[in-house]
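Asks: See structure38.pdb below, with PDB, C-alpha atoms and all ligand atoms.
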```pdb
ATOM      1  CA  MET A   1      -1.300  29.553 -34.479
ATOM      2  CA  THR A   2      -3.831  31.922 -36.061
ATOM      3  CA  VAL A   3      -2.325  34.051 -38.761
ATOM      4  CA  GLU A   4      -5.257  36.427 -39.353
ATOM      5  CA  PRO A   5      -4.423  38.925 -36.571
ATOM      6  CA  LEU A   6      -0.795  39.051 -37.782
ATOM      7  CA  VAL A   7      -1.581  40.155 -41.326
ATOM      8  CA  THR A   8      -2.441  43.769 -42.087
ATOM      9  CA  HIS A   9      -4.422  44.431 -45.298
ATOM     10  CA  PRO A  10      -5.234  40.711 -45.519
ATOM     11  CA  ASP A  11      -7.542  41.206 -48.503
ATOM     12  CA  LYS A  12      -4.965  43.037 -50.593
ATOM     13  CA  VAL A  13      -4.790  41.224 -53.902
ATOM     14  CA  PHE A  14      -1.200  40.076 -54.434
ATOM     15  CA  TRP A  15      -1.851  38.210 -57.718
ATOM     16  CA  PRO A  16      -4.364  40.213 -59.764
ATOM     17  CA  GLU A  17      -4.677  37.581 -62.514
ATOM     18  CA  ASP A  18      -5.330  34.760 -60.088
ATOM     19  CA  GLY A  19      -7.058  36.656 -57.275
ATOM     20  CA  TYR A  20      -4.791  35.423 -54.473
ATOM     21  CA  THR A  21      -4.520  37.787 -51.530
ATOM     22  CA  LYS A  22      -1.867  38.547 -48.969
ATOM     23  CA  LEU A  23      -3.804  36.375 -46.521
ATOM     24  CA  ASP A  24      -3.747  33.479 -49.011
ATOM     25  CA  LEU A  25       0.043  33.806 -49.069
ATOM     26  CA  ALA A  26       0.176  33.772 -45.257
ATOM     27  CA  HIS A  27      -2.034  30.683 -45.170
ATOM     28  CA  PHE A  28       0.225  28.970 -47.702
ATOM     29  CA  TYR A  29       3.311  29.522 -45.544
ATOM     30  CA  GLU A  30       1.413  28.514 -42.423
ATOM     31  CA  SER A  31       0.463  25.218 -44.120
ATOM     32  CA  VAL A  32       3.856  24.415 -45.612
ATOM     33  CA  PHE A  33       5.921  25.610 -42.670
ATOM     34  CA  PRO A  34       6.637  22.088 -41.356
ATOM     35  CA  GLU A  35       8.138  21.271 -44.781
ATOM     36  CA  LEU A  36       9.880  24.640 -45.254
ATOM     37  CA  GLN A  37      11.304  24.813 -41.749
ATOM     38  CA  PRO A  38      14.405  22.580 -42.212
ATOM     39  CA  TYR A  39      15.595  24.775 -45.091
ATOM     40  CA  VAL A  40      15.263  28.085 -43.216
ATOM     41  CA  GLN A  41      16.269  26.927 -39.738
ATOM     42  CA  ASP A  42      19.363  28.869 -38.570
ATOM     43  CA  ARG A  43      19.830  30.319 -42.056
ATOM     44  CA  MET A  44      20.302  33.972 -42.949
ATOM     45  CA  LEU A  45      17.532  35.298 -45.182
ATOM     46  CA  ALA A  46      17.561  38.025 -47.820
ATOM     47  CA  LEU A  47      14.268  39.833 -48.051
ATOM     48  CA  GLU A  48      12.549  40.661 -51.311
ATOM     49  CA  ARG A  49       9.694  42.902 -50.320
ATOM     50  CA  CYS A  50       6.722  43.421 -52.600
ATOM     51  CA  PRO A  51       4.263  45.413 -50.489
ATOM     52  CA  ASP A  52       1.746  45.577 -53.345
ATOM     53  CA  GLY A  53       2.113  42.004 -54.470
ATOM     54  CA  MET A  54       3.614  40.495 -57.588
ATOM     55  CA  GLY A  55       2.698  43.350 -59.919
ATOM     56  CA  GLY A  56       3.918  46.193 -57.736
ATOM     57  CA  GLU A  57       7.356  47.512 -57.012
ATOM     58  CA  CYS A  58       9.665  45.226 -55.086
ATOM     59  CA  PHE A  59      12.930  45.893 -53.343
ATOM     60  CA  PHE A  60      15.654  43.782 -51.808
ATOM     61  CA  GLN A  61      16.564  44.305 -48.197
ATOM     62  CA  LYS A  62      19.247  42.554 -46.192
ATOM     63  CA  GLU A  63      19.010  44.301 -42.833
ATOM     64  CA  ALA A  64      16.416  42.887 -40.426
ATOM     65  CA  PRO A  65      13.400  45.199 -40.590
ATOM     66  CA  LYS A  66      12.152  47.057 -37.551
ATOM     67  CA  GLY A  67       9.052  45.670 -35.929
ATOM     68  CA  MET A  68       9.771  41.966 -36.298
ATOM     69  CA  PRO A  69       8.195  39.873 -33.499
ATOM     70  CA  ALA A  70      10.086  39.774 -30.213
ATOM     71  CA  GLY A  71      12.467  36.832 -30.191
ATOM     72  CA  THR A  72      13.121  36.852 -33.941
ATOM     73  CA  PRO A  73      16.649  35.474 -34.321
ATOM     74  CA  THR A  74      19.132  37.624 -36.224
ATOM     75  CA  LYS A  75      22.817  37.275 -37.075
ATOM     76  CA  LEU A  76      25.338  40.061 -37.493
ATOM     77  CA  ILE A  77      27.429  39.353 -40.559
ATOM     78  CA  HIS A  78      30.539  41.308 -41.440
ATOM     79  CA  HIS A  79      30.825  42.010 -45.140
ATOM     80  CA  GLN A  80      33.828  43.771 -46.626
ATOM     81  CA  LYS A  81      32.358  47.230 -46.359
ATOM     82  CA  ARG A  82      29.666  46.969 -43.730
ATOM     83  CA  ALA A  83      28.010  44.765 -41.192
ATOM     84  CA  VAL A  84      24.448  43.593 -41.712
ATOM     85  CA  ASP A  85      22.120  42.175 -39.115
ATOM     86  CA  TYR A  86      20.201  39.468 -40.990
ATOM     87  CA  VAL A  87      16.927  37.830 -40.117
ATOM     88  CA  VAL A  88      17.552  34.154 -39.371
ATOM     89  CA  GLY A  89      14.761  31.727 -40.255
ATOM     90  CA  GLY A  90      13.262  28.882 -38.289
ATOM     91  CA  LEU A  91      10.178  30.285 -36.557
ATOM     92  CA  ILE A  92       6.747  30.413 -38.114
ATOM     93  CA  GLU A  93       6.200  33.801 -36.435
ATOM     94  CA  THR A  94       9.176  35.121 -38.405
ATOM     95  CA  GLU A  95       7.828  33.783 -41.682
ATOM     96  CA  ILE A  96       4.366  35.260 -41.185
ATOM     97  CA  ALA A  97       5.853  38.623 -40.146
ATOM     98  CA  LEU A  98       7.891  38.594 -43.372
ATOM     99  CA  VAL A  99       4.770  37.876 -45.412
ATOM    100  CA  ASN A 100       3.153  40.817 -43.660
ATOM    101  CA  LEU A 101       6.052  42.974 -44.892
ATOM    102  CA  GLY A 102       5.393  41.812 -48.446
ATOM    103  CA  CYS A 103       7.957  39.030 -48.759
ATOM    104  CA  ILE A 104       6.618  36.627 -51.365
ATOM    105  CA  ALA A 105       9.784  34.563 -51.857
ATOM    106  CA  VAL A 106      12.073  33.050 -49.244
ATOM    107  CA  HIS A 107      15.724  33.623 -50.205
ATOM    108  CA  VAL A 108      18.168  31.632 -48.099
ATOM    109  CA  TRP A 109      21.917  31.525 -47.685
ATOM    110  CA  GLY A 110      23.838  28.334 -48.351
ATOM    111  CA  SER A 111      25.262  28.433 -44.843
ATOM    112  CA  CYS A 112      23.938  28.742 -41.305
ATOM    113  CA  ALA A 113      24.417  31.356 -38.603
ATOM    114  CA  SER A 114      26.767  29.116 -36.616
ATOM    115  CA  HIS A 115      29.201  28.776 -39.574
ATOM    116  CA  PRO A 116      28.421  31.531 -42.079
ATOM    117  CA  HIS A 117      31.527  30.944 -44.206
ATOM    118  CA  GLN A 118      30.958  27.207 -44.580
ATOM    119  CA  PRO A 119      28.031  26.081 -46.727
ATOM    120  CA  ASP A 120      26.110  22.913 -46.018
ATOM    121  CA  TRP A 121      25.019  22.486 -49.598
ATOM    122  CA  VAL A 122      26.334  23.027 -53.084
ATOM    123  CA  VAL A 123      23.702  24.443 -55.418
ATOM    124  CA  PHE A 124      23.591  24.272 -59.195
ATOM    125  CA  ASP A 125      21.397  27.019 -60.607
ATOM    126  CA  ILE A 126      20.211  25.839 -64.014
ATOM    127  CA  ASP A 127      19.075  28.730 -66.194
ATOM    128  CA  PRO A 128      17.678  27.924 -69.659
ATOM    129  CA  GLY A 129      18.595  30.629 -72.185
ATOM    130  CA  SER A 130      15.490  29.604 -74.124
ATOM    131  CA  GLY A 131      13.307  30.269 -71.103
ATOM    132  CA  GLU A 132      11.932  26.749 -71.527
ATOM    133  CA  PHE A 133      11.710  24.516 -68.486
ATOM    134  CA  ALA A 134      12.122  21.511 -70.796
ATOM    135  CA  ASP A 135      15.697  22.592 -71.521
ATOM    136  CA  ALA A 136      16.433  23.025 -67.817
ATOM    137  CA  ALA A 137      15.027  19.565 -67.109
ATOM    138  CA  LYS A 138      17.230  17.957 -69.771
ATOM    139  CA  ALA A 139      20.287  19.754 -68.373
ATOM    140  CA  GLY A 140      19.311  18.730 -64.859
ATOM    141  CA  LEU A 141      19.165  15.084 -65.863
ATOM    142  CA  LEU A 142      22.627  15.313 -67.430
ATOM    143  CA  LEU A 143      23.912  16.895 -64.232
ATOM    144  CA  LYS A 144      22.295  14.162 -62.150
ATOM    145  CA  GLY A 145      24.110  11.564 -64.252
ATOM    146  CA  ALA A 146      27.447  13.323 -63.838
ATOM    147  CA  LEU A 147      27.013  13.560 -60.072
ATOM    148  CA  GLU A 148      25.853   9.962 -59.820
ATOM    149  CA  ALA A 149      28.984   8.863 -61.674
ATOM    150  CA  MET A 150      30.886  10.347 -58.723
ATOM    151  CA  ASP A 151      28.611   8.460 -56.285
ATOM    152  CA  LEU A 152      26.933  11.701 -55.287
ATOM    153  CA  VAL A 153      23.258  11.997 -54.420
ATOM    154  CA  SER A 154      21.563  15.192 -55.564
ATOM    155  CA  PHE A 155      18.144  16.715 -54.987
ATOM    156  CA  PRO A 156      16.258  18.589 -57.711
ATOM    157  CA  LYS A 157      13.559  21.219 -57.423
ATOM    158  CA  THR A 158      11.750  23.600 -59.675
ATOM    159  CA  SER A 159      12.846  27.172 -59.031
ATOM    160  CA  GLY A 160       9.272  28.321 -59.451
ATOM    161  CA  GLY A 161      10.587  30.299 -62.412
ATOM    162  CA  ARG A 162      11.743  28.771 -65.692
ATOM    163  CA  GLY A 163      14.726  26.867 -64.407
ATOM    164  CA  MET A 164      15.765  24.285 -61.879
ATOM    165  CA  HIS A 165      17.927  24.109 -58.788
ATOM    166  CA  VAL A 166      19.947  21.003 -57.971
ATOM    167  CA  PHE A 167      21.247  20.674 -54.420
ATOM    168  CA  LEU A 168      24.027  18.528 -53.061
ATOM    169  CA  PRO A 169      23.910  18.415 -49.249
ATOM    170  CA  ILE A 170      27.450  18.451 -47.839
ATOM    171  CA  GLN A 171      29.164  18.034 -44.511
ATOM    172  CA  VAL A 172      30.101  21.370 -42.981
ATOM    173  CA  GLY A 173      33.803  22.187 -43.373
ATOM    174  CA  PRO A 174      34.860  23.531 -46.769
ATOM    175  CA  ASP A 175      34.278  27.206 -47.538
ATOM    176  CA  PHE A 176      32.263  28.777 -50.347
ATOM    177  CA  ASP A 177      35.293  28.999 -52.650
ATOM    178  CA  GLU A 178      35.668  25.237 -52.515
ATOM    179  CA  ALA A 179      31.956  24.722 -53.102
ATOM    180  CA  ARG A 180      31.945  27.122 -56.038
ATOM    181  CA  SER A 181      35.111  25.613 -57.568
ATOM    182  CA  PHE A 182      33.514  22.197 -57.455
ATOM    183  CA  ALA A 183      30.293  23.443 -59.074
ATOM    184  CA  GLU A 184      32.342  25.327 -61.664
ATOM    185  CA  GLU A 185      34.437  22.317 -62.587
ATOM    186  CA  VAL A 186      31.440  19.997 -62.819
ATOM    187  CA  GLY A 187      29.700  22.586 -65.007
ATOM    188  CA  ARG A 188      32.759  23.105 -67.173
ATOM    189  CA  ARG A 189      33.114  19.388 -67.875
ATOM    190  CA  LEU A 190      29.448  18.903 -68.565
ATOM    191  CA  ALA A 191      29.356  21.908 -70.913
ATOM    192  CA  ALA A 192      32.462  20.602 -72.693
ATOM    193  CA  ALA A 193      30.683  17.289 -73.256
ATOM    194  CA  HIS A 194      27.456  18.988 -74.455
ATOM    195  CA  PRO A 195      28.626  22.220 -76.062
ATOM    196  CA  ASP A 196      25.475  22.723 -78.126
ATOM    197  CA  THR A 197      23.084  22.672 -75.209
ATOM    198  CA  LEU A 198      25.036  23.620 -72.072
ATOM    199  CA  THR A 199      27.315  26.527 -71.215
ATOM    200  CA  VAL A 200      29.277  28.027 -68.352
ATOM    201  CA  GLU A 201      29.773  31.238 -70.296
ATOM    202  CA  GLN A 202      29.333  34.224 -68.018
ATOM    203  CA  ARG A 203      28.582  36.671 -70.824
ATOM    204  CA  LEU A 204      24.852  36.567 -71.435
ATOM    205  CA  GLN A 205      25.173  37.189 -75.181
ATOM    206  CA  ALA A 206      27.597  34.325 -75.670
ATOM    207  CA  ARG A 207      25.187  31.841 -74.093
ATOM    208  CA  GLY A 208      22.446  32.097 -76.701
ATOM    209  CA  ASP A 209      19.675  29.588 -76.158
ATOM    210  CA  ARG A 210      21.895  27.201 -74.262
ATOM    211  CA  VAL A 211      21.370  26.292 -70.636
ATOM    212  CA  TYR A 212      23.646  28.163 -68.255
ATOM    213  CA  LEU A 213      25.019  26.176 -65.314
ATOM    214  CA  ASP A 214      25.554  28.968 -62.798
ATOM    215  CA  PRO A 215      28.052  28.130 -60.028
ATOM    216  CA  PHE A 216      27.974  31.606 -58.472
ATOM    217  CA  ARG A 217      25.074  31.009 -56.125
ATOM    218  CA  ASN A 218      27.779  29.241 -54.086
ATOM    219  CA  ALA A 219      29.139  32.384 -52.497
ATOM    220  CA  PHE A 220      29.213  34.077 -49.131
ATOM    221  CA  GLY A 221      26.006  36.116 -48.936
ATOM    222  CA  ALA A 222      24.488  34.687 -52.133
ATOM    223  CA  THR A 223      21.023  33.207 -51.912
ATOM    224  CA  VAL A 224      18.746  30.818 -53.655
ATOM    225  CA  VAL A 225      15.036  30.440 -53.079
ATOM    226  CA  ALA A 226      14.235  27.779 -50.507
ATOM    227  CA  PRO A 227      12.169  24.711 -51.358
ATOM    228  CA  TYR A 228       8.490  25.757 -51.032
ATOM    229  CA  SER A 229       9.275  29.422 -51.687
ATOM    230  CA  VAL A 230       6.516  31.137 -53.649
ATOM    231  CA  ARG A 231       7.588  33.284 -56.613
ATOM    232  CA  ARG A 232       6.568  36.693 -57.841
ATOM    233  CA  ARG A 233       5.082  35.337 -61.051
ATOM    234  CA  GLU A 234       1.662  34.714 -62.524
ATOM    235  CA  LYS A 235      -0.176  31.700 -61.051
ATOM    236  CA  ALA A 236       1.863  32.083 -57.844
ATOM    237  CA  PRO A 237       4.125  29.081 -58.448
ATOM    238  CA  PHE A 238       6.310  27.762 -55.666
ATOM    239  CA  SER A 239       9.638  25.980 -55.743
ATOM    240  CA  MET A 240       8.721  22.305 -55.594
ATOM    241  CA  PRO A 241      11.164  19.637 -54.396
ATOM    242  CA  LEU A 242      11.087  16.694 -56.777
ATOM    243  CA  ARG A 243      12.302  13.141 -57.129
ATOM    244  CA  TRP A 244      14.586  12.685 -60.083
ATOM    245  CA  GLN A 245      12.120  10.286 -61.668
ATOM    246  CA  ASP A 246       9.604  13.157 -61.774
ATOM    247  CA  VAL A 247      11.972  15.530 -63.575
ATOM    248  CA  LYS A 248      10.774  15.452 -67.163
ATOM    249  CA  PRO A 249      10.973  17.931 -70.018
ATOM    250  CA  SER A 250       7.170  17.864 -70.229
ATOM    251  CA  LEU A 251       6.753  19.074 -66.646
ATOM    252  CA  ASP A 252       5.180  22.522 -66.317
ATOM    253  CA  PRO A 253       6.698  24.126 -63.203
ATOM    254  CA  SER A 254       3.710  26.442 -62.739
ATOM    255  CA  ARG A 255       1.563  23.418 -61.967
ATOM    256  CA  PHE A 256       2.882  23.692 -58.392
ATOM    257  CA  ASN A 257       1.137  26.801 -57.132
ATOM    258  CA  LEU A 258      -0.780  28.558 -54.404
ATOM    259  CA  GLY A 259      -4.071  27.240 -55.753
ATOM    260  CA  ASN A 260      -3.271  23.539 -55.487
ATOM    261  CA  PHE A 261      -0.351  23.088 -53.125
ATOM    262  CA  LYS A 262      -2.201  20.821 -50.692
ATOM    263  CA  LYS A 263      -2.484  18.188 -53.377
ATOM    264  CA  HIS A 264       1.264  18.330 -54.010
ATOM    265  CA  LEU A 265       2.156  18.073 -50.337
ATOM    266  CA  ALA A 266      -0.088  15.090 -49.724
ATOM    267  CA  GLY A 267       2.439  12.427 -50.719
ATOM    268  CA  SER A 268       5.714  11.566 -49.050
ATOM    269  CA  ASP A 269       8.418  14.236 -48.962
ATOM    270  CA  PRO A 270      10.684  13.869 -52.032
ATOM    271  CA  TRP A 271      13.559  15.449 -50.082
ATOM    272  CA  GLN A 272      12.937  13.443 -46.909
ATOM    273  CA  ASP A 273      16.549  12.264 -46.712
ATOM    274  CA  PHE A 274      18.126  15.599 -47.628
ATOM    275  CA  PHE A 275      19.944  16.342 -44.370
ATOM    276  CA  LYS A 276      20.693  12.659 -43.787
ATOM    277  CA  ARG A 277      22.630  12.570 -47.034
ATOM    278  CA  ARG A 278      25.354  15.102 -46.268
ATOM    279  CA  GLN A 279      28.304  14.150 -48.425
ATOM    280  CA  SER A 280      31.987  14.922 -48.206
ATOM    281  CA  LEU A 281      32.960  17.666 -50.614
ATOM    282  CA  GLY A 282      36.590  16.599 -50.268
ATOM    283  CA  GLU A 283      35.716  13.098 -51.449
ATOM    284  CA  ALA A 284      33.604  14.567 -54.248
ATOM    285  CA  VAL A 285      36.538  16.678 -55.456
ATOM    286  CA  LYS A 286      38.754  13.582 -55.417
ATOM    287  CA  ALA A 287      36.153  11.629 -57.385
ATOM    288  CA  LEU A 288      35.937  14.484 -59.887
ATOM    289  CA  HIS A 289      39.663  14.459 -60.480
ATOM    290  CA  ARG A 290      39.687  10.692 -60.844
ATOM    291  CA  SER A 291      36.932  10.781 -63.459
TER     292      SER A 291
HETATM  293  P1  LIG B   1      14.824  30.984 -62.589
HETATM  294  O1  LIG B   1      14.605  29.507 -62.622
HETATM  295  O2  LIG B   1      13.753  31.696 -63.336
HETATM  296  O3  LIG B   1      16.215  31.323 -62.980
HETATM  297  P2  LIG B   1      15.812  31.590 -59.973
HETATM  298  O4  LIG B   1      15.228  31.663 -58.633
HETATM  299  O5  LIG B   1      16.849  30.538 -60.168
HETATM  300  O6  LIG B   1      14.634  31.410 -61.033
HETATM  301  P3  LIG B   1      17.893  33.441 -60.730
HETATM  302  O7  LIG B   1      17.771  34.778 -61.393
HETATM  303  O8  LIG B   1      18.580  32.364 -61.507
HETATM  304  O9  LIG B   1      16.391  33.018 -60.346
HETATM  305  O10 LIG B   1      18.610  33.670 -59.358
HETATM  306  C1  LIG B   1      19.045  32.617 -58.529
HETATM  307  C2  LIG B   1      18.854  33.005 -57.079
HETATM  308  O11 LIG B   1      19.560  34.201 -56.798
HETATM  309  C3  LIG B   1      17.399  33.310 -56.708
HETATM  310  O12 LIG B   1      16.723  32.148 -56.330
HETATM  311  C4  LIG B   1      17.509  34.349 -55.607
HETATM  312  O13 LIG B   1      17.536  33.773 -54.304
HETATM  313  C5  LIG B   1      18.827  35.011 -55.890
HETATM  314  N1  LIG B   1      18.612  36.335 -56.517
HETATM  315  C6  LIG B   1      18.168  36.569 -57.757
HETATM  316  N2  LIG B   1      18.099  37.894 -58.002
HETATM  317  C7  LIG B   1      18.517  38.503 -56.885
HETATM  318  C8  LIG B   1      18.696  39.864 -56.498
HETATM  319  N3  LIG B   1      18.397  40.887 -57.308
HETATM  320  N4  LIG B   1      19.184  40.095 -55.263
HETATM  321  C9  LIG B   1      19.476  39.075 -54.426
HETATM  322  N5  LIG B   1      19.321  37.775 -54.728
HETATM  323  C10 LIG B   1      18.847  37.499 -55.933
HETATM  324 MN    MN B   2      18.020  30.309 -61.870
END
```
How would this structure read if it were set down as structure tokens?
Ligand code: ATP
Ligand code: MN
Replies:
Amino acid sequence: MTVEPLVTHPDKVFWPEDGYTKLDLAHFYESVFPELQPYVQDRMLALERCPDGMGGECFFQKEAPKGMPAGTPTKLIHHQKRAVDYVVGGLIETEIALVNLGCIAVHVWGSCASHPHQPDWVVFDIDPGSGEFADAAKAGLLLKGALEAMDLVSFPKTSGGRGMHVFLPIQVGPDFDEARSFAEEVGRRLAAAHPDTLTVEQRLQARGDRVYLDPFRNAFGATVVAPYSVRRREKAPFSMPLRWQDVKPSLDPSRFNLGNFKKHLAGSDPWQDFFKRRQSLGEAVKALHRS
């Protein structure tokens, strides 16, 4: 596919400090689409549109925009107050059309169109109060240990911001409440064991510099950025899937960016087994209560 004819204002500078244009962003998603595809396939997307790039005004949009390419899949979702017709990912044409509308990041649901109330992953959103990735990495490694003690396999990635996201692929069945309760309980226990560095405190002020383990991304309609999603930040970092052995406090998450992504995609896929490792949340809950 040739993306050039699909991008209007291709030379618009989206990252003034780094010089990357809208077309550079389209080329990034064209290149990484084989890797990104499994994490957007059949999934509802929330759109964060930044028509003037990272420095300009951005707005969130849920409803599928007019003018998407013919054949773009959508899914009508009934929320409490209204129904929203969401764009569903999976096609490269969809992704490039979204870039053309100014979507820098790719925000995905934790569930798919065929079972919107039942997630197929549990996500731990690790937010360092200090703003230091090093603190998120240390918390991530503690979380990995706690999950491993329950025989659970987890997959880490940089968020592209200051924190980390840890994913636990699960078999479809339980609803978001069950996924969130599990994440909450794991977080609560870990924070109780490391009260000086970790917290599950919802009040921002009470957290201080500690790392917040946020369970609330496990909710109907909540999103997290997909692996390989670019972020609206200087250097145009993207969310990089990692192997646990590469998660280190010294890692600078902005080293994975639009300027050097080919180098980082050259090796084998650190999340290669992700969808082969779907685990039973029911068993995980049992293991948690045994521990
Ligand atoms: P960081 O590591 O800097 O925290 P992040 O992507 O985890 O980056 P969060 O603010 O922790 O950012 O948010 C977690 C997820 O929630 C995001 O990845 C995004 O998909 C979603 N999100 C954040 N803000 C909004 C918003 N205003 N509207 C909708 N979804 C949002
Ligand atoms: Mn976060």
Asks: Taking all atoms listed in the file into account, produce a table as a Markdown table in which each residue of stretch 101-216 of chain A with an atom at most 12 Å from an atom of stretch 284-287 of chain A appears once, together with its shortest atom pair and the distance in Å to one decimal, ordered by chain and rising number.
Replies:
```
| residue | atom | partner | partner_atom | distance |
| --- | --- | --- | --- | --- |
| A:Val122 | CA | A:Ala284 | CA | 11.2 |
| A:Ala146 | CA | A:Ala287 | CA | 11.0 |
| A:Leu147 | CA | A:Ala284 | CA | 8.9 |
| A:Glu148 | CA | A:Ala284 | CA | 10.6 |
| A:Ala149 | CA | A:Ala287 | CA | 8.8 |
| A:Met150 | CA | A:Ala287 | CA | 5.6 |
| A:Asp151 | CA | A:Ala284 | CA | 8.1 |
| A:Leu152 | CA | A:Ala284 | CA | 7.3 |
| A:Val153 | CA | A:Ala284 | CA | 10.7 |
| A:Leu168 | CA | A:Ala284 | CA | 10.4 |
| A:Pro169 | CA | A:Ala284 | CA | 11.6 |
| A:Ile170 | CA | A:Ala284 | CA | 9.7 |
| A:Gln171 | CA | A:Ala284 | CA | 11.2 |
| A:Pro174 | CA | A:Val285 | CA | 11.2 |
| A:Glu178 | CA | A:Val285 | CA | 9.1 |
| A:Ala179 | CA | A:Val285 | CA | 9.6 |
| A:Arg180 | CA | A:Val285 | CA | 11.4 |
| A:Ser181 | CA | A:Val285 | CA | 9.3 |
| A:Phe182 | CA | A:Val285 | CA | 6.6 |
| A:Ala183 | CA | A:Val285 | CA | 9.9 |
| A:Glu184 | CA | A:Val285 | CA | 11.4 |
| A:Glu185 | CA | A:Val285 | CA | 9.3 |
| A:Val186 | CA | A:Val285 | CA | 9.6 |
```
Asks: Write the residues of the selection above to a file with C-alpha atoms, as an mmCIF file, keeping the file's coordinate frame.
Replies:
```cif
data_model
loop_
_atom_site.group_PDB
_atom_site.id
_atom_site.type_symbol
_atom_site.label_atom_id
_atom_site.label_comp_id
_atom_site.auth_asym_id
_atom_site.auth_seq_id
_atom_site.Cartn_x
_atom_site.Cartn_y
_atom_site.Cartn_z
ATOM 1 C CA VAL A 122 26.334 23.027 -53.084
ATOM 2 C CA ALA A 146 27.447 13.323 -63.838
ATOM 3 C CA LEU A 147 27.013 13.560 -60.072
ATOM 4 C CA GLU A 148 25.853 9.962 -59.820
ATOM 5 C CA ALA A 149 28.984 8.863 -61.674
ATOM 6 C CA MET A 150 30.886 10.347 -58.723
ATOM 7 C CA ASP A 151 28.611 8.460 -56.285
ATOM 8 C CA LEU A 152 26.933 11.701 -55.287
ATOM 9 C CA VAL A 153 23.258 11.997 -54.420
ATOM 10 C CA LEU A 168 24.027 18.528 -53.061
ATOM 11 C CA PRO A 169 23.910 18.415 -49.249
ATOM 12 C CA ILE A 170 27.450 18.451 -47.839
ATOM 13 C CA GLN A 171 29.164 18.034 -44.511
ATOM 14 C CA PRO A 174 34.860 23.531 -46.769
ATOM 15 C CA GLU A 178 35.668 25.237 -52.515
ATOM 16 C CA ALA A 179 31.956 24.722 -53.102
ATOM 17 C CA ARG A 180 31.945 27.122 -56.038
ATOM 18 C CA SER A 181 35.111 25.613 -57.568
ATOM 19 C CA PHE A 182 33.514 22.197 -57.455
ATOM 20 C CA ALA A 183 30.293 23.443 -59.074
ATOM 21 C CA GLU A 184 32.342 25.327 -61.664
ATOM 22 C CA GLU A 185 34.437 22.317 -62.587
ATOM 23 C CA VAL A 186 31.440 19.997 -62.819
#
```
Asks: Set out as a tab-separated table a contact list for chain A and ligand MN 2 (chain B) with a cut-off of 8 Å, giving each residue of chain A that qualifies its closest atom pair and distance in Å to one decimal, counting only C-alpha atoms and all ligand atoms, ordered by chain and rising residue number.
Replies:
```
residue	atom	partner	partner_atom	distance
A:Asp125	CA	B:MN2	MN	4.9
A:Ile126	CA	B:MN2	MN	5.4
A:Asp127	CA	B:MN2	MN	4.7
A:Ser159	CA	B:MN2	MN	6.7
A:Gly161	CA	B:MN2	MN	7.5
A:Arg162	CA	B:MN2	MN	7.5
A:Gly163	CA	B:MN2	MN	5.4
A:Met164	CA	B:MN2	MN	6.4
A:His165	CA	B:MN2	MN	6.9
A:Asp214	CA	B:MN2	MN	7.7
```
Asks: Record the distance separating atom CA of A:Val211 and atom C1 of ligand LIG 1 (chain B), expressed in Å with one decimal.
Replies: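 We find that atom CA of A:Val211 and atom C1 of ligand LIG 1 (chain B) lie 13.9 Å from each other.
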Asks: Tell me which residues the PyMOL selection byres (((chain A and resi 44) around 10) and not hetatm) grabs here, as a ChimeraX atom specification.
Replies: /A:40-43,45-47,62,73-77,85-90,107-113,116,221,223
Asks: Separation of atom CA of A:Gly53 and atom P2 of ligand LIG 1 (chain B), in Å?
Replies: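 Computed distance, atom CA of A:Gly53 to atom P2 of ligand LIG 1 (chain B), equals 18.1 Å.
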Asks: Between atom CA of A:Lys138 and atom CA of A:Pro249, what is the distance in Å, rounded to a tenth?
Replies: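 Distance between the two atoms: 6.3 Å.
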Asks: Please determine, counting all atoms listed in the file, which residue among A:Pro5, A:Pro237, A:Pro34, A:Pro69 has the shortest atom-to-atom distance to A:Ile104.
Replies: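 Comparing A:Pro5, A:Pro237, A:Pro34, A:Pro69 against A:Ile104, the winner is A:Pro237.
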Asks: Can you tell me which residues surround A:Gly160 at a distance of at most 8 Å, considering all atoms listed in the file, apart from same-chain residues fewer than 4 positions away, and format the answer as a PyMOL selection string?
Replies: chain A and resi 229-231+237-240+253-254+256
Asks: Counting only C-alpha atoms and all ligand atoms, figure out which residue out of A:Gly259, A:Pro227, A:Gly267, A:Gly102 gets nearest to ligand LIG 1 (chain B).
Replies: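 Under the stated criterion, the closest residue is A:Pro227.
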Asks: Compile the contact shell of A:Asn100 as a PyMOL selection string: residues with an atom at most 8 Å away, counting all atoms listed in the file, same-chain residues fewer than 6 positions apart removed.
Replies: chain A and resi 6-8+22+26
Asks: Given the selection you just returned, output its residues as a file containing C-alpha atoms, formatted as a PDB file, in the frame of the given file.
Replies:
```pdb
ATOM      1  CA  LEU A   6      -0.795  39.051 -37.782  1.00  0.00           C
ATOM      2  CA  VAL A   7      -1.581  40.155 -41.326  1.00  0.00           C
ATOM      3  CA  THR A   8      -2.441  43.769 -42.087  1.00  0.00           C
ATOM      4  CA  LYS A  22      -1.867  38.547 -48.969  1.00  0.00           C
ATOM      5  CA  ALA A  26       0.176  33.772 -45.257  1.00  0.00           C
TER       6      ALA A  26
END
```
Asks: What's the 7 Å shell around A:Val200, counting all atoms listed in the file, without same-chain residues fewer than 5 positions away, as a PyMOL selection string?
Replies: chain A and resi 187-188+191+212-214
Asks: Using the file's own x, y and z axes, so that the box edges lie along x, y and z, what centre and edge lengths in Å (one decimal) does a box around every listed atom of ligand LIG 1 (chain B) get when 3 Å is added on each side? Give it as JSON.
Replies:
```
{"center_x": 16.7, "center_y": 35.2, "center_z": -58.8, "size_x": 11.8, "size_y": 17.4, "size_z": 15.0}
```
Asks: Rank nothing, just name the residue among A:Ala222, A:Val32, A:Leu258, A:Leu288 nearest to ligand LIG 1 (chain B), using only C-alpha atoms and all ligand atoms.
Replies: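 Distance minimum relative to ligand LIG 1 (chain B) lands on A:Ala222.
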